[in-house]
Amino acid sequence: MGKYFSFFILCFMLLGISCKKFTDASNNPLLEQYFETNVLNRNFVVSLAKDSSNDITSTYSGDVFVLLKTDLYHGPLQATKGGVVYTGSWSCNSDYSQLVITLPNPPSEFVFLTRKWRFTSKNLPTMKLAPWGSSAPVALNMYRQ
């Protein structure tokens, strides 16, 4: 009887371990901690902006962008251009592979930024982004100050 009970417990434990998912950020607080420590509430400037073959980096000279924290997956965005603060929002998916930037009624220069982005690199101090779901030759690099 003891052998069957031990076998049952062992099978139950193996089944429980094999059913866990580790791809979700809530199961990996290191992703959340990295994002909170290195990205949220930090000043970023555009170090590269390319729209097809056009280098538009100089358009963002002196502009500062801050992803403010509501929680670890979304919050307000502040974009400062020439002393004027524009408010929008940002959001990320659960594995921090996507960043959505929304700036309602932005100046024309900020329309380029308002889209779904995917991270191509989070090797900070530089975040490298490309359009989500597109292979268009568009790139955005943001440098943490």
# chains A, B, ... in the order shown; residues from 1 in each chain; ligands from 1
>>> select_by_dssp(residues="chain A", states="alpha helix (DSSP H)", output="list in words")
Gly2, Lys3, Tyr4, Phe5, Ser6, Phe7, Phe8, Ile9, Leu10, Cys11, Phe12, Met13, Leu14, Leu15, Gly16, Ile17, Ser18, Pro29, Leu30, Leu31, Glu32, Gln33, Tyr34, Phe35, Glu36, Thr37 and Asn38 of chain A
>>> residues_around(residues="Asn41 (chain A)", least_positions_apart="5", cutoff="7 Å", atoms="only C-alpha atoms", output="VMD selection string")
chain A and resid 66 to 69
>>> residues_around(residues="region 121-129 of chain A", least_positions_apart="4", cutoff="6 Å", atoms="only C-alpha atoms", output="list in words")
Trp117, Ala139, Leu140, Asn141, Met142, Tyr143 and Arg144 of chain A
>>> write_last_selection(atoms="N, CA and C atoms", output="CSV table (one decimal), in the first residue's frame")
chain,number,residue,atom,x,y,z
A,117,TRP,N,5.5,49.2,-31.4
A,117,TRP,CA,6.9,48.9,-31.7
A,117,TRP,C,7.2,47.6,-31.1
A,139,ALA,N,13.3,52.5,-38.0
A,139,ALA,CA,14.0,52.2,-36.8
A,139,ALA,C,14.0,53.4,-35.8
A,140,LEU,N,13.9,53.0,-34.6
A,140,LEU,CA,13.9,54.1,-33.5
A,140,LEU,C,14.8,53.6,-32.4
A,141,ASN,N,15.9,54.4,-32.1
A,141,ASN,CA,16.7,54.1,-31.0
A,141,ASN,C,16.5,55.2,-30.0
A,142,MET,N,16.4,54.9,-28.7
A,142,MET,CA,16.2,55.9,-27.7
A,142,MET,C,17.2,55.6,-26.6
A,143,TYR,N,17.9,56.7,-26.3
A,143,TYR,CA,19.0,56.6,-25.3
A,143,TYR,C,18.6,57.2,-24.0
A,144,ARG,N,18.9,56.4,-22.9
A,144,ARG,CA,18.6,56.8,-21.6
A,144,ARG,C,19.6,57.8,-21.1
>>> select_by_dssp(residues="region 58-105 of chain A", states="strand (DSSP E)", output="number ranges by chain")
A: 64-67, 74-81, 84-92, 98-102
>>> closest_atom_pairs(of="region 35-67 of chain A", to="region 88-106 of chain A", cutoff="12 Å", atoms="only C-alpha atoms", output="tab-separated table")
residue	atom	partner	partner_atom	distance
A:Phe35	CA	A:Tyr96	CA	8.1
A:Glu36	CA	A:Tyr96	CA	11.2
A:Val39	CA	A:Tyr96	CA	11.3
A:Leu40	CA	A:Trp90	CA	10.5
A:Phe65	CA	A:Gly88	CA	10.4
A:Val66	CA	A:Trp90	CA	9.8
A:Leu67	CA	A:Trp90	CA	6.8
>>> residues_around(residues="Asn54 (chain A)", least_positions_apart="5", cutoff="10 Å", atoms="only C-alpha atoms", output="number ranges by chain")
A: 49, 137-138
>>> write_last_selection(atoms="C-alpha atoms", output="PDB file, in the first residue's frame")
ATOM      1  CA  ALA A  49      15.118  57.704 -36.110  1.00  0.00           C
ATOM      2  CA  PRO A 137      12.994  49.797 -42.912  1.00  0.00           C
ATOM      3  CA  VAL A 138      11.947  51.899 -39.930  1.00  0.00           C
TER       4      VAL A 138
END
>>> closest_residue(among="A:Asp71, A:Asp63, A:Asp51, A:Glu109", to="Pro131 (chain A)", atoms="only C-alpha atoms")
A:Asp51
>>> atom_distance(atom1="CA of Thr70 (chain A)", atom2="CA of Tyr34 (chain A)")
16.1 Å
>>> atom_distance(atom1="CA of Trp132 (chain A)", atom2="CA of Lys116 (chain A)")
5.4 Å
>>> atom_distance(atom1="CA of Thr87 (chain A)", atom2="CA of Asp55 (chain A)")
25.1 Å
>>> closest_residue(among="A:Gly75, A:Val64, A:Gly83, A:Ser134", to="Val46 (chain A)", atoms="only C-alpha atoms")
A:Val64
>>> closest_residue(among="A:Ala130, A:Thr80, A:Gln145, A:Thr114", to="Leu48 (chain A)", atoms="only C-alpha atoms")
A:Ala130
